[in-house]
There are 2 protein chains.
Amino acid sequence: MTTVSTKADDIARVLEDEIVGGLIPPDTVLRQETLSERFDVSRTPVREALRRLAALGLVSFEPNRGVRVRSISAQELREAFLVRAELEALATEVATPKMTPDDLAEMDVVERRFGELTLELRDQARRGVTRDATLFVEWMQANYAFHDVIYRVAELPLVERIAKSARRTFIGDRVWQARAELDQLYAKNDLQHRAIREAIGAGSATAARTLAREHVLSSNTLIEVVLETLGASGRAPGWNG
Amino acid sequence: MTTVSTKADDIARVLEDEIVGGLIPPDTVLRQETLSERFDVSRTPVREALRRLAALGLVSFEPNRGVRVRSISAQELREAFLVRAELEALATEVATPKMTPDDLAEMDVVERRFGELTLELRDQARRGVTRDATLFVEWMQANYAFHDVIYRVAELPLVERIAKSARRTFIGDRVWQARAELDQLYAKNDLQHRAIREAIGAGSATAARTLAREHVLSSNTLIEVVLETLGASGRAPGWNG
DNA sequence: GCCCACTATCTCGGATCCAAAAACGTCCCC
DNA sequence: GGGGACGTTTTTGGATCCGAGATAGTGGGC
């Protein structure tokens with residue numbers, strides 16, 4: 001069973017990762033010729049890949065003028081959090097009665113890992129150490145892993161897909177430059193995860209729902225603060241060779 | 001009229017409408033050559049359009065084997081309603097405090113139109129008249145128009161976009177063949193619209209939220225019943241590309 | 001008569017080629 | 001010196017061409 005994938009899909013995946021990961025900054029103009037050279041293909045699959053990204057809302061086509069990586073406004077970011085809050089709340093509610101002891105155990109494992117990484121991050125922050133990106137990325141992944149357990153148990157693929165596409169509007173590593181605010185986020189997230197875990201363990205779907213919703217929304221308010229403090233600095237131009 | 005649009009986008013829009021409108025039934029295999037002849041273009045823009053539809057989840061690519069119009073499983077349909085329920089509830093909650101008297105008046109106009117169409121439909125159903133599709137389509141549009149007022153006031157474009165894309169998984173005109181069940185839907189929807197309208201008018205965001213959620217969810221349960229009575233013409237779940 | 005291999009054809013994915021629109025630069029005129 | 005018309009260059013959108021994989025049809029072997 002050779003999983004044949006088309007070039008266009010490969011390119012789309014790579015570009016998608018690079019855009020959502022912040023490697024390709026917003027407002028960048030993507031030249032078809034450049035991309036075709038880079039991936040060593042013709043412009044045809046490149047254009048198909050770009051069409052796909054356009055449909056996903058990651059880039060915007062300006063006819064006869066090229067494609068541009070879309071930058072997300074504060075409004076869009078806020079909305080993305082709202083959507084995530086509602087959908088994760090829904091998934092958590094649905095998942096709660098379906099949780100097996102094994103699932104709960106997995107949540108505990110993931111959450112323990114998340115707690116450790118949180119401690120490391122807070123320690124770094126407290127000592128004023130220059131934050132290293134890899135640790136933060138690990139922390140984010142552990143955070144997502146926690147929610148992924150819930151999604152897996154909920155068995156709502158459509159909900160999961162939409163929520164995760166909303167998740168990706170998170171602006172890569174730009175956010176964690178604000179120190180003090182993030183320290184609160186670290187502690188709060190850990191506590192909230194535990195609360196959600198316990199509510200699920202207690203079999204209270206509505207409580208778990210409420211907690212999950214507030215969990216995402218609190219991240220939202222914090223991100224808003226961060227964006228505001230980063231505020232007038234505008235967009236980091238970051239050039240990609 | 002400087003709004004030049006590309007052929008690929010035109011084709012994508014047409015095909016999109018035809019698929020969501022049920023004109024192109026699920027599980028249809030789309031031949032690129034056929035489409036290129038029909039739109040009198042080469043296969044290149046056709047393929048780009050298909051890529052876009054694939055990213056929207058309307059068709060699925062099977063590499064080297066063509067594209068197939070995705071059929072939605074009962075599970076997907078149920079999920080779509082769940083998503084709509086949460087997001088419309090959110091939009092309603094956000095919209096409530098932003099409603100101006102003019103907005104409320106518009107809601108009344110739309111709702112009155114909806115009520116009239118509802119009466120016509122119920123009358124037809126009661127007399128056993130062969131249902132005509134145009135009236136049903138009008139009714140659906142009036143139904144959507146009611147919710148669109150809410151979306152407009154809420155000013156949540158992302159939420160609106162996602163909710164409407166979930167809306168389109170509605171299976172065209174296949175559903176309204178079940179008579180008795182739909183009669184309940186007609187009456188119930190009208191009453192629920194009024195209740196939502198009044199809750200908004202009273203300025204109770206949480207009540208409006210709850211009502212909106214239940215409104216969509218009740219449609220869901222009814223659709224489930226309809227699908228069940230229409231028989232287990234269980235379609236193979238498509239695969240997402 | 002049945003099954004497997006081989007081939008012919010059909011369709012798709014990708015490469016290449018061409019026309020048209022936009023960005024760029026130059027030159028002329030005021 | 002400044003502004004606009006005009007030609008060049010760049011880049012995109014679309015058409016055509018080609019190789020690869022898949023399906024179907026045929027023929028040979030058992």
# chains A, B, ... in the order shown; residues from 1 in each chain; ligands from 1

$ closest_atom_pairs --of "chain C" --to "chain B" --cutoff "8 Å" --atoms "only C-alpha atoms (C1' of nucleotides)" --output "CSV"
residue,atom,partner,partner_atom,distance
C:DT11,C1',B:Arg65,CA,7.3
C:DC12,C1',B:Asn64,CA,5.0
C:DG13,C1',B:Asn64,CA,7.2

$ residues_around --residues "Arg168 in chain B" --least-positions-apart "4" --cutoff "12 Å" --atoms "only C-alpha atoms (C1' of nucleotides)" --output "count of residues only"
24

$ interface_residues --of "chain B" --to "chain D" --cutoff "12 Å" --atoms "only C-alpha atoms (C1' of nucleotides)" --output "ChimeraX atom specification"
/B:4-9,36,40-48,62-66

$ closest_atom_pairs --of "chain A" --to "chain B" --cutoff "6 Å" --atoms "only C-alpha atoms" --output "CSV"
residue,atom,partner,partner_atom,distance
A:Glu48,CA,B:Glu48,CA,5.3
A:Arg51,CA,B:Arg52,CA,5.8
A:Arg52,CA,B:Arg52,CA,5.3
A:Ala55,CA,B:Arg52,CA,5.5

$ atom_distance --atom1 "CA of Leu121 in chain A" --atom2 "CA of Leu211 in chain A"
23.6 Å

$ select_by_dssp --residues "range 76-229 of chain B" --states "alpha helix (DSSP H)" --output "PyMOL selection string"
chain B and resi 76-95+101-127+133-154+157-167+179-201+205-229

$ write_last_selection --atoms "C-alpha atoms" --output "compact mmCIF listing (two decimals), in the first residue's frame"
# COMPACT_ATOMS: atom_id res chain seq x y z
CA GLU B 76 -20.89 14.02 9.53
CA LEU B 77 -24.37 15.45 9.23
CA ARG B 78 -24.88 15.16 12.96
CA GLU B 79 -21.58 16.86 13.59
CA ALA B 80 -22.39 19.64 11.21
CA PHE B 81 -25.53 20.37 13.20
CA LEU B 82 -23.59 20.30 16.43
CA VAL B 83 -21.11 22.80 15.06
CA ARG B 84 -23.88 25.02 13.76
CA ALA B 85 -25.66 24.84 17.08
CA GLU B 86 -22.63 26.01 19.02
CA LEU B 87 -21.63 28.72 16.58
CA GLU B 88 -25.11 30.11 16.04
CA ALA B 89 -25.57 30.15 19.79
CA LEU B 90 -22.34 32.10 20.07
CA ALA B 91 -23.33 34.52 17.33
CA THR B 92 -26.73 35.07 18.89
CA GLU B 93 -25.22 35.77 22.27
CA VAL B 94 -22.78 38.27 20.81
CA ALA B 95 -25.40 39.89 18.63
CA PRO B 101 -34.20 48.96 16.93
CA ASP B 102 -33.70 48.90 13.18
CA ASP B 103 -32.14 45.48 13.38
CA LEU B 104 -35.03 44.21 15.45
CA ALA B 105 -37.45 45.62 12.94
CA GLU B 106 -35.63 43.82 10.17
CA MET B 107 -35.82 40.61 12.13
CA ASP B 108 -39.55 41.11 12.42
CA VAL B 109 -39.94 41.62 8.70
CA VAL B 110 -37.92 38.54 7.87
CA GLU B 111 -39.66 36.49 10.50
CA ARG B 112 -43.08 37.56 9.24
CA ARG B 113 -42.12 36.43 5.76
CA PHE B 114 -40.90 33.18 7.23
CA GLY B 115 -44.15 32.69 9.08
CA GLU B 116 -46.17 33.19 5.92
CA LEU B 117 -44.12 30.68 4.00
CA THR B 118 -44.43 28.30 6.90
CA LEU B 119 -48.20 28.55 6.76
CA GLU B 120 -48.19 27.90 3.03
CA LEU B 121 -45.98 24.88 3.42
CA ARG B 122 -48.06 23.45 6.24
CA ASP B 123 -51.17 24.03 4.23
CA GLN B 124 -49.71 22.17 1.28
CA ALA B 125 -48.60 19.38 3.54
CA ARG B 126 -52.01 19.09 5.17
CA ARG B 127 -53.77 18.88 1.82
CA ALA B 133 -39.42 22.68 -4.73
CA THR B 134 -39.40 26.42 -5.27
CA LEU B 135 -41.64 27.07 -2.28
CA PHE B 136 -39.44 24.91 -0.12
CA VAL B 137 -36.34 26.69 -1.34
CA GLU B 138 -37.96 30.02 -0.57
CA TRP B 139 -38.78 28.77 2.88
CA MET B 140 -35.22 27.67 3.47
CA GLN B 141 -33.93 31.01 2.27
CA ALA B 142 -36.27 32.86 4.56
CA ASN B 143 -35.09 30.64 7.37
CA TYR B 144 -31.49 31.48 6.59
CA ALA B 145 -32.34 35.15 6.20
CA PHE B 146 -33.47 35.21 9.81
CA HIS B 147 -30.16 33.85 10.99
CA ASP B 148 -28.27 36.09 8.61
CA VAL B 149 -29.58 39.15 10.38
CA ILE B 150 -28.08 37.80 13.56
CA TYR B 151 -24.78 37.10 11.86
CA ARG B 152 -24.67 40.54 10.36
CA VAL B 153 -25.20 42.20 13.71
CA ALA B 154 -22.79 39.89 15.50
CA PRO B 157 -17.12 36.90 9.89
CA LEU B 158 -15.05 33.86 10.74
CA VAL B 159 -17.80 32.33 12.81
CA GLU B 160 -20.26 33.11 10.07
CA ARG B 161 -18.11 31.51 7.43
CA ILE B 162 -17.62 28.29 9.36
CA ALA B 163 -21.25 28.03 10.35
CA LYS B 164 -22.40 28.55 6.80
CA SER B 165 -20.02 25.96 5.47
CA ALA B 166 -21.51 23.58 8.00
CA ARG B 167 -24.94 24.67 6.84
CA ARG B 179 -44.11 14.71 5.18
CA ALA B 180 -45.30 14.25 8.69
CA GLU B 181 -42.01 14.89 10.37
CA LEU B 182 -41.43 18.07 8.45
CA ASP B 183 -44.77 19.51 9.49
CA GLN B 184 -43.55 19.49 13.06
CA LEU B 185 -40.35 21.16 11.92
CA TYR B 186 -42.27 23.91 10.19
CA ALA B 187 -44.30 24.82 13.23
CA LYS B 188 -41.48 24.42 15.66
CA ASN B 189 -39.02 26.51 13.69
CA ASP B 190 -41.44 29.38 13.49
CA LEU B 191 -42.09 29.34 17.20
CA GLN B 192 -38.42 29.09 17.98
CA HIS B 193 -37.61 32.01 15.75
CA ARG B 194 -40.14 34.10 17.61
CA ALA B 195 -38.74 33.04 20.94
CA ILE B 196 -35.23 33.96 19.85
CA ARG B 197 -36.47 37.26 18.54
CA GLU B 198 -38.19 38.05 21.84
CA ALA B 199 -35.20 37.02 23.94
CA ILE B 200 -33.01 39.31 21.89
CA GLY B 201 -35.56 42.08 22.17
CA ALA B 205 -28.09 37.28 25.73
CA THR B 206 -27.87 34.01 27.63
CA ALA B 207 -31.49 33.15 26.98
CA ALA B 208 -31.10 33.96 23.30
CA ARG B 209 -27.99 31.80 23.24
CA THR B 210 -29.76 28.83 24.78
CA LEU B 211 -32.72 29.21 22.47
CA ALA B 212 -30.55 29.44 19.38
CA ARG B 213 -28.65 26.33 20.38
CA GLU B 214 -31.78 24.35 21.04
CA HIS B 215 -33.26 25.63 17.81
CA VAL B 216 -30.51 24.11 15.71
CA LEU B 217 -30.29 20.97 17.79
CA SER B 218 -34.00 20.30 17.47
CA SER B 219 -33.63 20.53 13.71
CA ASN B 220 -30.87 18.02 14.07
CA THR B 221 -32.93 15.43 15.90
CA LEU B 222 -35.65 15.88 13.37
CA ILE B 223 -33.33 15.44 10.45
CA GLU B 224 -32.10 12.26 12.05
CA VAL B 225 -35.62 10.95 12.18
CA VAL B 226 -36.20 11.90 8.58
CA LEU B 227 -33.03 10.19 7.46
CA GLU B 228 -34.03 7.13 9.37
CA THR B 229 -37.50 6.97 7.85
